[in-house]
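Novice: Have a peek at query15.tsv (TSV, C-alpha atoms).
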```
chain	number	residue	atom	x	y	z
S	48	MET	CA	155.87	30.85	73.04
S	49	LEU	CA	152.33	30.08	73.70
S	50	TYR	CA	151.98	29.57	70.03
S	51	LYS	CA	154.80	27.05	70.04
S	52	LYS	CA	153.28	25.20	72.95
S	53	MET	CA	149.98	24.99	71.17
S	54	LEU	CA	151.66	23.89	68.05
S	55	ALA	CA	153.50	21.18	70.01
S	56	VAL	CA	150.27	20.02	71.63
S	57	LEU	CA	148.57	19.97	68.26
S	58	ALA	CA	151.45	18.05	66.72
S	59	ALA	CA	151.36	15.55	69.58
S	60	ALA	CA	147.61	15.12	69.14
S	61	ALA	CA	148.00	14.62	65.40
S	62	CYS	CA	150.69	12.03	65.97
S	63	ALA	CA	148.52	10.27	68.49
S	64	GLY	CA	145.61	10.39	66.02
S	65	LEU	CA	147.76	8.96	63.25
S	66	ALA	CA	149.00	6.27	65.56
S	67	GLY	CA	145.37	5.51	66.45
S	68	CYS	CA	144.46	5.29	62.76
S	69	ASP	CA	147.38	3.02	62.15
S	70	ASN	CA	146.37	1.02	65.18
S	71	THR	CA	142.75	0.86	63.92
S	72	ALA	CA	143.84	-0.31	60.48
S	73	GLN	CA	146.01	-2.97	62.09
S	74	GLY	CA	143.04	-4.04	64.26
S	75	VAL	CA	140.80	-4.33	61.21
S	76	LYS	CA	143.42	-6.51	59.50
S	77	GLU	CA	143.68	-8.74	62.57
S	78	ASP	CA	139.90	-8.96	62.85
S	79	ALA	CA	139.71	-9.94	59.18
S	80	LYS	CA	142.31	-12.66	59.72
S	81	GLU	CA	140.46	-13.96	62.81
S	82	ASN	CA	137.15	-13.93	60.96
S	83	GLU	CA	138.72	-15.76	58.02
S	84	ALA	CA	140.13	-18.38	60.38
S	85	LYS	CA	136.71	-18.78	62.05
S	86	VAL	CA	135.00	-19.15	58.68
S	87	ARG	CA	137.52	-21.78	57.61
S	88	GLU	CA	137.07	-23.63	60.90
S	89	GLU	CA	133.26	-23.53	60.63
S	90	ALA	CA	133.44	-24.71	57.02
S	91	ALA	CA	135.64	-27.63	58.09
S	92	GLU	CA	133.18	-28.48	60.88
S	93	ALA	CA	130.25	-28.30	58.46
S	94	LYS	CA	132.12	-30.56	56.05
S	95	ALA	CA	132.81	-33.03	58.86
S	96	ASP	CA	129.15	-32.86	59.98
S	97	THR	CA	128.05	-33.55	56.40
S	98	ALA	CA	130.40	-36.53	56.19
S	99	ASP	CA	129.03	-37.84	59.50
S	100	GLU	CA	125.45	-37.37	58.27
S	101	ARG	CA	126.29	-39.20	55.03
S	102	ALA	CA	127.82	-42.04	57.06
S	103	GLU	CA	124.74	-42.19	59.30
S	104	ALA	CA	122.47	-42.22	56.25
S	105	GLY	CA	124.55	-45.04	54.76
S	106	ASP	CA	124.27	-46.99	58.00
S	107	ALA	CA	120.49	-46.47	58.01
S	108	VAL	CA	120.24	-47.68	54.41
S	109	ARG	CA	122.33	-50.78	55.18
S	110	GLU	CA	120.19	-51.52	58.25
S	111	ALA	CA	117.00	-51.09	56.21
S	112	GLY	CA	118.45	-53.47	53.63
S	113	ARG	CA	119.14	-56.06	56.31
S	114	ASP	CA	115.59	-55.64	57.63
S	115	VAL	CA	114.17	-56.16	54.14
S	116	GLY	CA	116.35	-59.25	53.71
S	117	ASP	CA	115.19	-60.66	57.05
S	118	ALA	CA	111.55	-60.01	56.18
S	119	ALA	CA	112.01	-61.67	52.78
S	120	GLU	CA	113.59	-64.70	54.43
S	121	LYS	CA	110.70	-64.98	56.90
S	122	ALA	CA	108.19	-64.63	54.06
S	123	GLY	CA	110.01	-67.34	52.12
S	124	ASP	CA	109.92	-69.64	55.15
S	125	ALA	CA	106.19	-68.98	55.59
S	126	VAL	CA	105.52	-69.74	51.92
S	127	ALA	CA	107.53	-72.96	52.13
S	128	GLU	CA	105.64	-74.03	55.25
S	129	ALA	CA	102.30	-73.21	53.63
S	130	ALA	CA	103.29	-75.17	50.53
S	131	LYS	CA	104.20	-78.12	52.74
S	132	ASP	CA	100.81	-77.91	54.46
S	133	VAL	CA	99.03	-77.69	51.12
S	134	GLY	CA	101.01	-80.68	49.86
S	135	ALA	CA	100.07	-82.70	52.94
S	136	ALA	CA	96.41	-81.76	52.61
S	137	ALA	CA	96.44	-82.67	48.92
S	138	HIS	CA	98.00	-86.04	49.67
S	139	ALA	CA	95.44	-86.72	52.40
S	140	GLY	CA	92.67	-85.70	50.02
S	141	LYS	CA	94.02	-88.10	47.39
S	142	GLN	CA	93.98	-90.96	49.91
S	143	THR	CA	90.40	-90.15	50.89
S	144	LEU	CA	89.30	-90.00	47.26
S	145	ASP	CA	91.09	-93.24	46.33
S	146	VAL	CA	89.50	-95.15	49.22
S	147	LYS	CA	86.01	-93.70	48.70
S	148	THR	CA	86.15	-94.37	44.93
S	149	ALA	CA	87.24	-97.99	45.50
S	150	LEU	CA	84.45	-98.50	48.05
S	151	MET	CA	81.85	-97.12	45.64
S	152	ALA	CA	83.21	-99.24	42.77
S	153	ASP	CA	82.82	-102.47	44.77
S	154	LYS	CA	79.32	-103.77	44.04
S	155	ALA	CA	79.34	-105.92	47.19
S	156	ILE	CA	79.54	-102.83	49.46
S	157	ASP	CA	76.85	-100.22	50.05
S	158	ALA	CA	79.18	-97.18	50.35
S	159	SER	CA	76.40	-94.60	50.45
S	160	ARG	CA	76.65	-94.28	54.24
S	161	ILE	CA	80.42	-94.60	54.61
S	162	ASP	CA	82.52	-91.49	55.34
S	163	VAL	CA	86.27	-91.62	54.76
S	164	ASP	CA	88.54	-89.22	56.67
S	165	THR	CA	92.32	-89.06	56.26
S	166	ASP	CA	94.82	-87.47	58.65
S	167	GLU	CA	98.13	-86.91	56.88
S	168	ASN	CA	99.94	-86.06	60.12
S	169	THR	CA	99.12	-89.37	61.78
S	170	LYS	CA	98.93	-91.30	58.49
S	171	THR	CA	95.49	-92.58	59.45
S	172	VAL	CA	92.40	-93.33	57.33
S	173	THR	CA	89.21	-93.53	59.36
S	174	LEU	CA	86.07	-95.24	58.11
S	175	LYS	CA	82.86	-93.94	59.76
S	176	GLY	CA	79.20	-94.55	59.16
S	177	THR	CA	77.00	-97.61	58.82
S	178	VAL	CA	76.95	-100.76	56.70
S	179	PRO	CA	74.23	-103.42	56.59
S	180	ASN	CA	76.40	-106.38	57.72
S	181	ALA	CA	79.77	-107.47	59.16
S	182	ALA	CA	80.98	-108.77	55.78
S	183	GLN	CA	80.70	-105.28	54.27
S	184	LYS	CA	82.49	-103.79	57.29
S	185	ALA	CA	85.40	-106.23	56.79
S	186	SER	CA	85.44	-105.68	53.00
S	187	ALA	CA	85.50	-101.87	53.46
S	188	GLU	CA	88.49	-102.18	55.79
S	189	ARG	CA	90.31	-104.48	53.33
S	190	ILE	CA	89.75	-102.05	50.44
S	191	ALA	CA	90.96	-99.11	52.56
S	192	ARG	CA	94.18	-101.03	53.45
S	193	ASP	CA	94.79	-101.85	49.78
S	194	LYS	CA	94.24	-98.28	48.57
S	195	ALA	CA	95.93	-96.38	51.41
S	196	GLU	CA	99.26	-98.15	51.65
S	197	GLY	CA	101.40	-96.89	54.51
S	198	TYR	CA	98.35	-95.62	56.42
S	199	LYS	CA	96.74	-97.06	59.54
S	200	ILE	CA	93.09	-97.93	59.07
S	201	ARG	CA	90.59	-97.16	61.83
S	202	ASN	CA	87.40	-98.99	61.08
S	203	GLN	CA	84.62	-97.27	63.06
S	204	LEU	CA	81.85	-98.57	60.82
S	205	VAL	CA	78.74	-99.70	62.63
S	206	VAL	CA	76.70	-102.66	61.41
S	207	ALA	CA	73.08	-101.50	61.31
S	208	LYS	CA	70.25	-103.31	59.66
S	209	SER	CA	68.33	-100.94	57.40
```
Let's see the structure in the file written out as structure tokens.
Specialist:
Amino acid sequence: MLYKKMLAVLAAAACAGLAGCDNTAQGVKEDAKENEAKVREEAAEAKADTADERAEAGDAVREAGRDVGDAAEKAGDAVAEAAKDVGAAAHAGKQTLDVKTALMADKAIDASRIDVDTDENTKTVTLKGTVPNAAQKASAERIARDKAEGYKIRNQLVVAKS
């Protein structure tokens, strides 16, 4: 009888062991399924993160493009303004040269001591320096008016006997 009891205990233990093995195998299968689900979820998150990073990179590129466009526009404006200033200076220089050349060409005027300055912004030609008599002062002003049409003439010539 003792033998039968031992055999029964052994049989019960074996059954319990088999049930535990079956239970362990089932647990491994469930763990594998859970791990697979986690891997799929993490892969989906990584894919979404990559898409977000691509979108952020695209936004950064678009913003950089706008910045470059703004800088180019400002540079273009600066160049246009500089060209306008150069044009004004060239026009003023032309007026100065025209007046000075006409003064030097007139044999009745001693232009060696006459300075001609032109301000394009105020459209003014200024005569400075000295002439030997009032007639030359008046003639210099007349020549400046003829050559610098549209400009005011400021005659600051001083009559000084040499």
Novice: Would you pick out the contacts of Val146 in chain S at 12 Å or less, using only C-alpha atoms, so that residues sharing its chain but fewer than 4 positions from it are not included, and give the list as an NGL selection string?
Specialist: :S and (139-142 or 150-153 or 158 or 161-165 or 172-174 or 186-196 or 198 or 200)
Novice: I'd like the interatomic distance between CA of Leu204 in chain S and CA of Gly176 in chain S, to a tenth of an Å.
Specialist: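 So the answer is 5.1 Å.
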Novice: Between CA of Lys85 in chain S and CA of Glu103 in chain S, what is the distance in Å, rounded to a tenth?
Specialist: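 Computed distance, CA of Lys85 in chain S to CA of Glu103 in chain S, equals 26.4 Å.
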Novice: What does the distance between CA of Ala182 in chain S and CA of His138 in chain S come to in Å, to one decimal place?
Specialist: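 Spanning CA of Ala182 in chain S to CA of His138 in chain S is a straight-line distance of 29.0 Å.
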Novice: In terms of the shortest atom-to-atom distance over all atoms listed in the file, which of S:Glu77, S:Lys154, S:Ala149, S:Thr171 is closest to Lys199 in chain S?
Specialist: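 Selected residue with least distance to Lys199 in chain S: S:Thr171.
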Novice: Skipping near chain neighbours, those fewer than 5 positions away, what residues fall within 9 Å of Arg160 in chain S using only C-alpha atoms, listed as a ChimeraX atom specification?
Specialist: /S:175-178
Novice: Would you mind telling me which residue in S:Lys170, S:Arg109, S:Lys184, S:Arg101 lies nearest to Asp157 in chain S when using only C-alpha atoms?
Specialist: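 Answer, going by the shortest atom-to-atom distance: S:Lys184.
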Novice: Of the candidates S:Glu92, S:Thr143, S:Gln203, S:Asp117, which one gets nearest to Glu167 in chain S if we count all atoms listed in the file?
Specialist: S:Thr143
